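Coordinates from work.cif are shown below (mmCIF, C-alpha atoms and all ligand atoms).
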data_coords
loop_
_atom_site.label_atom_id
_atom_site.label_comp_id
_atom_site.auth_asym_id
_atom_site.auth_seq_id
_atom_site.Cartn_x
_atom_site.Cartn_y
_atom_site.Cartn_z
CA MET G 11 -2.12 10.15 -27.99
CA GLU G 12 -2.96 6.65 -29.19
CA GLN G 13 -3.82 4.18 -26.45
CA PHE G 14 -3.64 4.90 -22.76
CA ILE G 15 -1.94 2.23 -20.67
CA TYR G 16 -2.46 2.59 -16.94
CA LEU G 17 0.34 0.96 -14.95
CA ASP G 18 -0.02 2.83 -11.69
CA ASN G 19 -2.51 0.66 -9.83
CA ALA G 20 -0.55 0.93 -6.59
CA ALA G 21 -1.33 4.66 -6.60
CA THR G 22 -5.03 4.22 -7.22
CA THR G 23 -7.43 2.07 -9.20
CA LYS G 24 -10.53 2.69 -11.23
CA VAL G 25 -13.92 2.31 -9.58
CA LEU G 26 -15.52 -0.80 -11.06
CA PRO G 27 -18.87 -0.19 -12.77
CA GLU G 28 -20.57 -2.63 -10.36
CA VAL G 29 -19.19 -0.65 -7.43
CA PHE G 30 -20.37 2.63 -8.92
CA GLU G 31 -23.86 1.23 -9.56
CA THR G 32 -24.06 -0.02 -5.97
CA MET G 33 -23.18 3.44 -4.66
CA LYS G 34 -25.41 5.48 -6.94
CA PRO G 35 -28.76 5.15 -5.09
CA TYR G 36 -27.11 6.53 -1.94
CA PHE G 37 -26.44 9.81 -3.73
CA GLU G 38 -29.72 10.08 -5.63
CA GLU G 39 -32.51 8.67 -3.48
CA GLN G 40 -31.26 7.31 -0.18
CA TYR G 41 -29.31 10.37 0.81
CA GLY G 42 -30.50 10.45 4.42
CA ASN G 43 -28.15 10.72 7.36
CA PRO G 44 -27.80 7.16 8.71
CA SER G 45 -27.72 8.55 12.26
CA SER G 46 -31.20 10.09 11.99
CA SER G 47 -33.99 8.11 13.59
CA TYR G 48 -36.74 8.21 10.92
CA MET G 49 -37.20 5.17 8.72
CA PHE G 50 -35.83 6.91 5.61
CA SER G 51 -32.43 6.87 7.28
CA GLY G 52 -32.74 3.74 9.34
CA LYS G 53 -32.66 1.55 6.24
CA ILE G 54 -29.37 3.13 5.20
CA ALA G 55 -27.86 2.51 8.63
CA GLY G 56 -28.79 -1.13 8.19
CA LYS G 57 -26.97 -1.27 4.87
CA VAL G 58 -23.88 0.30 6.43
CA GLU G 59 -23.89 -2.38 9.13
CA LYS G 60 -24.23 -5.07 6.49
CA ALA G 61 -21.19 -3.60 4.73
CA ARG G 62 -19.28 -3.63 8.02
CA GLU G 63 -20.26 -7.25 8.57
CA SER G 64 -19.06 -8.42 5.16
CA ILE G 65 -15.72 -6.59 5.44
CA ALA G 66 -15.25 -8.06 8.93
CA LYS G 67 -15.90 -11.53 7.57
CA PHE G 68 -13.34 -10.96 4.81
CA LEU G 69 -10.69 -10.28 7.48
CA GLY G 70 -11.83 -12.98 9.90
CA ALA G 71 -12.89 -10.23 12.31
CA LYS G 72 -16.12 -9.35 14.13
CA ARG G 73 -18.47 -6.68 12.85
CA GLU G 74 -17.90 -4.45 15.85
CA GLU G 75 -14.14 -4.53 15.27
CA ILE G 76 -14.39 -2.68 11.93
CA TYR G 77 -14.36 1.13 11.77
CA PHE G 78 -14.68 3.35 8.72
CA THR G 79 -12.35 6.30 8.19
CA SER G 80 -11.45 8.69 5.37
CA GLY G 81 -8.70 6.46 3.99
CA GLY G 82 -5.54 4.51 4.62
CA SER G 83 -3.75 7.63 5.84
CA GLU G 84 -6.33 8.32 8.54
CA SER G 85 -6.32 4.68 9.65
CA ASP G 86 -2.52 4.78 9.95
CA ASN G 87 -2.65 8.06 11.88
CA TRP G 88 -5.31 6.68 14.17
CA ALA G 89 -3.32 3.53 14.95
CA LEU G 90 -0.17 5.39 15.94
CA LYS G 91 -1.61 8.49 17.60
CA GLY G 92 -4.51 6.64 19.20
CA ILE G 93 -2.30 3.99 20.80
CA ALA G 94 0.39 6.49 21.73
CA ASP G 95 -2.18 8.55 23.60
CA ALA G 96 -3.95 5.64 25.28
CA TYR G 97 -0.80 3.80 26.37
CA SER G 98 1.63 6.61 27.19
CA ASP G 99 1.45 5.64 30.88
CA LYS G 100 2.82 2.22 30.05
CA GLY G 101 5.61 3.47 27.81
CA LYS G 102 6.63 5.81 25.03
CA HIS G 103 8.48 3.53 22.64
CA ILE G 104 7.17 2.54 19.21
CA ILE G 105 8.77 0.24 16.64
CA THR G 106 8.22 0.57 12.90
CA THR G 107 10.38 0.18 9.78
CA LYS G 108 12.34 2.38 7.39
CA ILE G 109 10.19 1.35 4.42
CA GLU G 110 6.73 2.37 5.65
CA HIS G 111 4.38 4.63 3.74
CA HIS G 112 4.67 8.30 4.70
CA ALA G 113 1.31 8.02 6.48
CA ILE G 114 3.22 5.97 9.08
CA LEU G 115 6.65 7.62 8.85
CA ASN G 116 5.43 11.20 9.14
CA THR G 117 3.07 10.27 11.96
CA ALA G 118 5.94 8.58 13.80
CA GLU G 119 8.01 11.72 13.31
CA PHE G 120 5.16 13.80 14.73
CA LEU G 121 5.04 11.56 17.79
CA GLU G 122 8.81 11.92 18.23
CA LYS G 123 8.24 15.66 18.54
CA HIS G 124 5.77 14.89 21.31
CA GLY G 125 8.06 12.85 23.50
CA PHE G 126 7.82 9.38 21.98
CA GLU G 127 10.82 7.37 20.91
CA VAL G 128 10.66 5.49 17.62
CA THR G 129 12.87 2.66 16.40
CA TYR G 130 12.97 2.35 12.62
CA LEU G 131 13.95 -1.19 11.71
CA ASN G 132 16.25 -1.85 8.80
CA VAL G 133 15.29 -4.24 6.03
CA ASP G 134 17.48 -6.53 3.95
CA GLU G 135 18.32 -6.11 0.25
CA ASN G 136 14.93 -7.51 -0.76
CA GLY G 137 12.98 -5.39 1.69
CA PHE G 138 12.33 -7.97 4.41
CA VAL G 139 12.20 -7.13 8.09
CA ASN G 140 14.28 -9.58 10.10
CA PRO G 141 12.13 -11.10 12.90
CA ALA G 142 15.18 -11.44 15.16
CA GLU G 143 15.92 -7.74 14.75
CA LEU G 144 12.34 -6.92 15.68
CA GLU G 145 12.60 -9.06 18.79
CA ALA G 146 15.87 -7.41 19.79
CA ALA G 147 14.32 -3.95 19.43
CA ILE G 148 11.46 -4.63 21.87
CA ARG G 149 11.87 -2.92 25.26
CA PRO G 150 9.82 -2.92 28.46
CA ASP G 151 8.39 0.46 27.42
CA THR G 152 7.45 -0.59 23.86
CA ILE G 153 3.73 0.02 23.38
CA LEU G 154 3.25 -0.56 19.65
CA ILE G 155 4.82 -2.31 16.67
CA SER G 156 3.66 -1.14 13.24
CA ILE G 157 4.91 -3.01 10.18
CA MET G 158 3.39 -2.85 6.72
CA PHE G 159 1.92 -6.01 5.19
CA ALA G 160 3.27 -5.37 1.69
CA ASN G 161 5.39 -2.51 0.47
CA ASN G 162 3.75 -0.04 -1.93
CA GLU G 163 6.94 0.69 -3.88
CA ILE G 164 8.79 -2.61 -4.25
CA GLY G 165 5.92 -5.01 -3.54
CA THR G 166 7.75 -7.10 -0.92
CA ILE G 167 5.38 -9.05 1.33
CA GLU G 168 6.52 -9.14 4.97
CA PRO G 169 6.32 -12.23 7.22
CA ILE G 170 3.41 -10.63 9.10
CA LYS G 171 2.24 -13.70 10.98
CA GLU G 172 5.69 -14.25 12.49
CA LEU G 173 6.25 -10.58 13.27
CA GLY G 174 2.85 -10.45 14.97
CA ARG G 175 3.68 -13.55 16.97
CA ILE G 176 6.85 -11.94 18.28
CA ALA G 177 4.93 -8.80 19.24
CA HIS G 178 2.40 -10.86 21.16
CA GLU G 179 5.02 -12.99 22.90
CA HIS G 180 6.29 -9.75 24.38
CA GLY G 181 2.85 -8.39 25.15
CA VAL G 182 3.11 -5.58 22.57
CA LEU G 183 0.26 -4.46 20.28
CA PHE G 184 0.75 -5.15 16.59
CA HIS G 185 -0.54 -2.89 13.79
CA THR G 186 -0.11 -3.45 10.08
CA ASP G 187 -0.62 -1.03 7.20
CA ALA G 188 -2.26 -3.52 4.86
CA VAL G 189 -3.36 -0.97 2.24
CA GLN G 190 -1.47 -2.77 -0.55
CA ALA G 191 -2.28 -6.28 0.65
CA PHE G 192 -5.99 -5.86 1.40
CA GLY G 193 -8.04 -7.48 -1.36
CA HIS G 194 -4.88 -8.84 -3.00
CA LEU G 195 -3.79 -11.41 -0.42
CA PRO G 196 -5.76 -13.58 2.00
CA ILE G 197 -5.74 -11.97 5.45
CA ASP G 198 -6.99 -13.41 8.71
CA VAL G 199 -6.38 -11.07 11.62
CA ASN G 200 -6.54 -13.82 14.25
CA GLU G 201 -4.38 -16.34 12.49
CA MET G 202 -1.86 -13.60 11.62
CA ASN G 203 -1.66 -12.08 15.11
CA ILE G 204 -2.87 -8.67 13.96
CA ASP G 205 -4.38 -6.29 16.55
CA MET G 206 -5.00 -3.36 14.21
CA LEU G 207 -5.06 -3.09 10.46
CA SER G 208 -5.34 -0.22 7.97
CA ALA G 209 -6.90 -0.60 4.53
CA SER G 210 -8.18 1.70 1.82
CA ALA G 211 -11.01 1.35 -0.69
CA HIS G 212 -9.48 3.17 -3.65
CA LYS G 213 -6.60 0.71 -3.98
CA ILE G 214 -9.07 -2.12 -4.66
CA ASN G 215 -11.42 -0.58 -7.24
CA GLY G 216 -13.50 1.17 -4.59
CA PRO G 217 -14.12 4.89 -4.06
CA LYS G 218 -11.45 7.35 -2.92
CA GLY G 219 -11.80 8.73 0.59
CA VAL G 220 -12.91 5.58 2.39
CA GLY G 221 -10.65 3.74 4.78
CA VAL G 222 -11.09 0.65 6.88
CA PHE G 223 -9.61 0.30 10.34
CA TYR G 224 -9.73 -2.96 12.23
CA ILE G 225 -9.23 -2.80 16.00
CA ARG G 226 -9.29 -6.00 18.01
CA LYS G 227 -12.05 -5.98 20.61
CA GLY G 228 -10.90 -4.84 24.04
CA ILE G 229 -8.00 -2.69 22.86
CA GLU G 230 -8.02 0.76 24.29
CA ILE G 231 -7.44 3.48 21.70
CA SER G 232 -8.02 7.22 21.81
CA SER G 233 -10.08 8.90 19.12
CA LEU G 234 -8.43 10.82 16.33
CA ILE G 235 -11.53 12.61 15.03
CA HIS G 236 -13.66 14.03 17.83
CA GLY G 237 -17.30 15.04 17.46
CA GLY G 238 -20.48 13.03 17.10
CA ALA G 239 -21.09 9.50 18.31
CA GLN G 240 -20.68 7.77 14.95
CA GLU G 241 -18.65 4.55 14.66
CA ARG G 242 -19.47 3.48 18.23
CA GLY G 243 -18.35 6.84 19.53
CA ARG G 244 -14.78 6.33 18.36
CA ARG G 245 -14.69 8.19 15.03
CA ALA G 246 -16.90 11.22 14.52
CA GLY G 247 -18.28 12.52 11.23
CA THR G 248 -21.47 11.91 9.25
CA THR G 249 -21.37 8.34 7.96
CA ASN G 250 -20.21 8.09 4.35
CA ALA G 251 -22.93 5.57 3.49
CA ALA G 252 -22.37 5.53 -0.28
CA GLY G 253 -18.62 5.17 0.15
CA ILE G 254 -18.89 2.42 2.76
CA ILE G 255 -21.46 0.43 0.79
CA GLY G 256 -19.28 0.81 -2.33
CA THR G 257 -16.25 -0.35 -0.37
CA ALA G 258 -18.05 -3.52 0.74
CA LYS G 259 -18.97 -4.20 -2.89
CA ALA G 260 -15.34 -3.69 -3.98
CA VAL G 261 -14.19 -6.07 -1.23
CA GLU G 262 -16.78 -8.65 -2.26
CA ILE G 263 -15.56 -8.52 -5.87
CA ALA G 264 -11.90 -8.58 -4.82
CA ALA G 265 -12.54 -11.64 -2.67
CA THR G 266 -14.29 -13.51 -5.46
CA ARG G 267 -11.65 -12.69 -8.05
CA MET G 268 -8.56 -12.82 -5.88
CA GLU G 269 -7.21 -16.20 -6.86
CA LYS G 270 -7.77 -15.88 -10.60
CA ARG G 271 -6.56 -12.33 -10.62
CA THR G 272 -3.36 -13.12 -8.74
CA ILE G 273 -2.49 -15.92 -11.14
CA TYR G 274 -3.20 -13.71 -14.16
CA GLU G 275 -1.25 -10.70 -12.86
CA ARG G 276 1.70 -12.75 -11.68
CA LYS G 277 2.15 -14.34 -15.08
CA LEU G 278 2.05 -10.99 -16.83
CA ARG G 279 4.30 -9.39 -14.22
CA ASP G 280 6.89 -12.15 -14.58
CA TYR G 281 6.81 -11.71 -18.34
CA LEU G 282 7.39 -7.97 -17.88
CA ILE G 283 10.26 -8.54 -15.45
CA GLU G 284 11.93 -11.11 -17.66
CA ARG G 285 11.73 -8.96 -20.77
CA VAL G 286 13.03 -5.84 -19.05
CA LEU G 287 15.95 -7.57 -17.33
CA LYS G 288 16.89 -9.40 -20.52
CA GLU G 289 16.49 -6.56 -22.99
CA ILE G 290 17.65 -3.51 -21.05
CA PRO G 291 21.23 -3.71 -19.76
CA TYR G 292 22.39 -2.25 -16.41
CA THR G 293 18.97 -2.77 -14.87
CA VAL G 294 18.00 -4.33 -11.54
CA LEU G 295 14.70 -5.48 -10.10
CA ASN G 296 13.82 -3.99 -6.71
CA GLY G 297 12.08 -6.17 -4.14
CA ASP G 298 11.96 -9.91 -3.71
CA ARG G 299 11.49 -12.01 -6.82
CA GLU G 300 8.94 -14.39 -5.24
CA MET G 301 7.41 -12.83 -2.12
CA ARG G 302 6.07 -9.79 -3.94
CA LEU G 303 2.65 -8.42 -4.81
CA SER G 304 1.31 -10.09 -7.93
CA ASN G 305 0.95 -6.79 -9.79
CA ASN G 306 4.20 -5.04 -8.83
CA ALA G 307 7.38 -4.55 -10.85
CA ASN G 308 9.98 -1.98 -9.82
CA PHE G 309 13.27 -1.42 -11.61
CA CYS G 310 16.35 0.74 -11.32
CA PHE G 311 17.90 1.70 -14.65
CA ARG G 312 21.45 2.92 -14.19
CA PHE G 313 22.56 6.27 -15.61
CA ILE G 314 19.08 7.79 -15.86
CA GLU G 315 16.56 9.71 -13.74
CA GLY G 316 13.33 7.86 -13.09
CA GLU G 317 11.49 11.13 -13.30
CA SER G 318 12.68 11.75 -16.89
CA LEU G 319 11.79 8.20 -17.83
CA MET G 320 8.33 8.65 -16.36
CA ILE G 321 7.81 11.73 -18.51
CA LEU G 322 8.84 9.87 -21.67
CA LEU G 323 6.47 7.03 -20.79
CA ASP G 324 3.73 9.58 -20.19
CA LEU G 325 4.31 11.11 -23.63
CA SER G 326 3.74 7.64 -25.07
CA GLY G 327 0.48 7.25 -23.15
CA ILE G 328 1.81 5.07 -20.35
CA ALA G 329 1.13 5.99 -16.73
CA ALA G 330 3.84 4.77 -14.36
CA SER G 331 5.43 6.05 -11.19
CA SER G 332 8.99 7.10 -10.48
CA GLY G 333 10.13 6.33 -6.98
CA SER G 334 11.50 9.79 -6.34
CA ALA G 335 9.62 12.28 -4.26
CA CYS G 336 9.87 15.86 -5.40
CA THR G 337 10.47 17.93 -2.30
CA SER G 338 11.15 21.63 -2.74
CA GLY G 339 12.11 21.22 -6.37
CA ALA G 340 14.83 18.65 -5.74
CA LEU G 341 14.46 14.97 -6.50
CA ASP G 342 14.97 12.84 -3.42
CA PRO G 343 15.57 9.18 -4.10
CA SER G 344 12.97 6.87 -2.58
CA HIS G 345 13.49 6.10 1.11
CA VAL G 346 12.53 2.49 0.37
CA LEU G 347 15.24 2.03 -2.27
CA LEU G 348 17.83 3.61 0.02
CA ALA G 349 16.70 1.25 2.79
CA ILE G 350 17.29 -1.82 0.60
CA GLY G 351 20.79 -0.53 -0.03
CA ARG G 352 20.58 1.04 -3.47
CA PRO G 353 23.15 3.82 -3.81
CA LYS G 354 21.58 7.28 -4.30
CA ASP G 355 22.41 7.62 -7.99
CA ILE G 356 20.96 4.21 -8.81
CA ALA G 357 17.89 4.73 -6.60
CA ARG G 358 17.12 7.88 -8.60
CA GLY G 359 16.69 5.80 -11.76
CA SER G 360 13.67 3.86 -10.58
CA ILE G 361 10.30 3.18 -12.16
CA ARG G 362 7.36 1.33 -10.64
CA LEU G 363 4.88 -0.42 -12.92
CA THR G 364 1.78 -1.82 -11.20
CA LEU G 365 -0.65 -3.87 -13.27
CA SER G 366 -4.31 -4.75 -12.89
CA ASP G 367 -6.35 -7.68 -14.13
CA GLU G 368 -7.32 -5.49 -17.08
CA THR G 369 -3.71 -5.12 -18.23
CA THR G 370 -3.00 -7.13 -21.39
CA LYS G 371 0.11 -8.78 -22.80
CA ASP G 372 -0.08 -6.24 -25.61
CA ASP G 373 0.08 -3.42 -23.02
CA ILE G 374 3.21 -5.00 -21.56
CA ASP G 375 4.86 -5.46 -24.96
CA LYS G 376 4.20 -1.82 -25.85
CA THR G 377 5.48 -0.69 -22.49
CA VAL G 378 8.72 -2.67 -22.75
CA ASP G 379 9.31 -1.32 -26.27
CA VAL G 380 8.83 2.26 -25.07
CA LEU G 381 10.99 1.60 -22.00
CA LYS G 382 13.82 0.26 -24.16
CA LYS G 383 13.77 3.23 -26.50
CA SER G 384 13.41 5.77 -23.71
CA VAL G 385 16.17 4.33 -21.54
CA GLU G 386 18.46 4.27 -24.57
CA ARG G 387 17.59 7.85 -25.40
CA LEU G 388 18.18 9.11 -21.87
CA ARG G 389 21.45 7.20 -21.56
CA GLY G 390 22.51 8.70 -24.86
CA MET G 391 22.34 12.10 -23.16
CA SER G 392 24.18 11.04 -20.02
CA PRO G 393 27.86 11.96 -19.66
CA PHE G 394 28.15 9.32 -16.93
CA TYR G 395 26.93 6.63 -19.28
CA GLU G 396 29.35 7.79 -21.98
CA ALA G 397 32.27 7.71 -19.56
CA PHE G 398 31.19 4.29 -18.33
CA ILE G 399 30.96 2.86 -21.85
CA ASN G 400 34.32 4.33 -22.85
CA LYS G 401 35.91 2.70 -19.83
CA GLN G 402 34.44 -0.66 -20.85
CA LYS G 403 36.12 -0.45 -24.24
C1 LIG M 501 -2.02 4.38 -0.59
C2 LIG M 501 -1.40 3.95 0.67
C3 LIG M 501 -1.71 4.59 1.89
C4 LIG M 501 -2.63 5.78 1.95
O1 LIG M 501 -3.97 5.44 1.71
P1 LIG M 501 -5.01 6.59 1.33
O2 LIG M 501 -6.34 5.90 1.32
O3 LIG M 501 -4.62 7.08 -0.03
O4 LIG M 501 -4.91 7.64 2.37
C5 LIG M 501 -1.12 4.13 3.04
N1 LIG M 501 -0.28 3.08 3.03
C6 LIG M 501 0.03 2.44 1.90
C7 LIG M 501 0.97 1.27 1.95
C8 LIG M 501 -0.50 2.85 0.68
O5 LIG M 501 -0.16 2.22 -0.44
#
If you took the structure in this file and wrote it as structure tokens, what would it be?
Amino acid sequence: MEQFIYLDNAATTKVLPEVFETMKPYFEEQYGNPSSSYMFSGKIAGKVEKARESIAKFLGAKREEIYFTSGGSESDNWALKGIADAYSDKGKHIITTKIEHHAILNTAEFLEKHGFEVTYLNVDENGFVNPAELEAAIRPDTILISIMFANNEIGTIEPIKELGRIAHEHGVLFHTDAVQAFGHLPIDVNEMNIDMLSASAHKINGPKGVGVFYIRKGIEISSLIHGGAQERGRRAGTTNAAGIIGTAKAVEIAATRMEKRTIYERKLRDYLIERVLKEIPYTVLNGDREMRLSNNANFCFRFIEGESLMILLDLSGIAASSGSACTSGALDPSHVLLAIGRPKDIARGSIRLTLSDETTKDDIDKTVDVLKKSVERLRGMSPFYEAFINKQK
């Protein structure tokens, strides 16, 4: 294999060397339990609080409103299950969308089994939630609205501020899964009417297994992980000092580089989109052209399976993601692509390419060349494509 091109940054990112160096002492020398009362540990607890403070500042929140978890999935679970439990006297209705990450969708399904009712909002052909539809779905027994900040598959950025405003006008709590937006877009929880927010370190060049959960002060929420009194008694488990301190470093770097990085990625992404749409026929872009994450491109190529295309890219040293989820050996088209109205057969032919600020124009050129050849090759084997072409003649 020649050169490895990593275009799956929405799945995870590399830990930056500066982040790794920041974490290292907390494995080697300062390995104490931050909850212990001797000085050896006390210093570490102080560093953890500093990390909490800087992440809070990044979100426009207060230090005591930030909690650390094991990842975006736990934060999402905590938001839904914690609010469902604490507010079940007030009502048992939750509103979310059809395009959420499975950390939200499968948790919502779990709650449905336990007596809650969930409304899954539709989105339009670009993946946007309609604020009027949200408003119409709110009932007197609605206790929580959870809508993702930006979609992990198609990159569409939701009108979070407006959706949050509607929630608040009706006295309903508003949670957002901001895992894909955190560190990529400016977020202010107060200005954007956000009551709870989930984020994850490994999507922004931090370590895997560290999540951030913002909860507005005064909101009642039940614990998800019971045990010791860590995280102000709300989330048990020995503090992951190295991970938390590394996360704060990753956030600090993301904040400093955000503007430059966004401009760089967007330019490269637009170049990728233009080349693909121009050079590969019967192809569509998924997600909005403008209101999308700066590093996200997602296409459907007709007459092929995204999974096969992903394998061909892999053989050429390119890491990408196909939208399909392999459940019990069968390929299910992505729930997000179905929600934006792609027919099943077209949704199956999807590929997501997510760049980083280390991606080069050369990487993109190589990728488009491989894509062109691979799509052609796969279509050459498709009886549907052959029939389609014959009909055109
Ligand atoms: C990755 C991701 C998650 C899950 O985060 P983990 O830290 O991997 O558990 C949740 N939501 C979205 C939108 C994601 O992209």
From the options G:Ile176, G:Leu341, G:Ala330, G:Leu381, which residue's atoms come nearest to G:Ile148, counting only C-alpha atoms?
G:Ile176
Write out, as a tab-separated table, each residue of chain G that has an atom at most 10 Å from ligand LIG 501 (chain M), together with the closest pair of atoms and their distance in Å to one decimal, counting all atoms listed in the file, rows going by chain and rising number.
residue	atom	partner	partner_atom	distance
G:Asn19	CA	M:LIG501	O5	9.8
G:Ala20	CA	M:LIG501	O5	6.3
G:Ala21	CA	M:LIG501	C1	6.1
G:Thr22	CA	M:LIG501	C1	7.3
G:Thr79	CA	M:LIG501	O2	9.1
G:Ser80	CA	M:LIG501	O2	7.1
G:Gly81	CA	M:LIG501	O2	3.6
G:Gly82	CA	M:LIG501	O1	3.4
G:Ser83	CA	M:LIG501	O4	3.7
G:Glu84	CA	M:LIG501	O4	6.4
G:Ser85	CA	M:LIG501	O4	8.0
G:Asp86	CA	M:LIG501	C5	7.1
G:Asn87	CA	M:LIG501	O4	9.8
G:Ile109	CA	M:LIG501	C7	9.5
G:Glu110	CA	M:LIG501	C7	6.9
G:His111	CA	M:LIG501	N1	5.0
G:His112	CA	M:LIG501	C5	7.3
G:Ala113	CA	M:LIG501	C5	5.7
G:Ile114	CA	M:LIG501	N1	7.6
G:Met158	CA	M:LIG501	C7	6.8
G:Phe159	CA	M:LIG501	C7	8.0
G:Ala160	CA	M:LIG501	C7	7.0
G:Asn161	CA	M:LIG501	C7	6.0
G:Asn162	CA	M:LIG501	O5	4.8
G:Glu163	CA	M:LIG501	O5	8.0
G:Gly165	CA	M:LIG501	C7	9.7
G:Thr186	CA	M:LIG501	C7	9.5
G:Asp187	CA	M:LIG501	N1	5.9
G:Ala188	CA	M:LIG501	C7	6.5
G:Val189	CA	M:LIG501	C6	4.8
G:Gln190	CA	M:LIG501	O5	5.2
G:Ala191	CA	M:LIG501	C7	8.3
G:Phe192	CA	M:LIG501	C7	10.0
G:Ser208	CA	M:LIG501	N1	7.8
G:Ala209	CA	M:LIG501	O2	7.3
G:Ser210	CA	M:LIG501	O2	4.6
G:Ala211	CA	M:LIG501	O2	6.8
G:His212	CA	M:LIG501	O2	6.5
G:Lys213	CA	M:LIG501	C1	6.8
G:Pro217	CA	M:LIG501	O2	9.5
G:Lys218	CA	M:LIG501	O2	6.8
G:Gly219	CA	M:LIG501	O2	6.2
G:Val220	CA	M:LIG501	O2	6.7
G:Gly221	CA	M:LIG501	O2	5.9
G:Val222	CA	M:LIG501	O2	9.0
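Shortest separation to G:Phe126 among G:Lys277, G:Arg352, G:Lys259, G:Lys102 occurs at residue G:Lys102, atoms counted being all atoms listed in the file.
Taking all atoms listed in the file into account, G:Pro35 lies nearest to G:Ala251 out of the set G:Ala251, G:Ile350, G:Val133, G:Lys403.
Taking atom CA of G:Glu275 and atom CA of G:Leu365 as endpoints, the distance between them is 6.9 Å.
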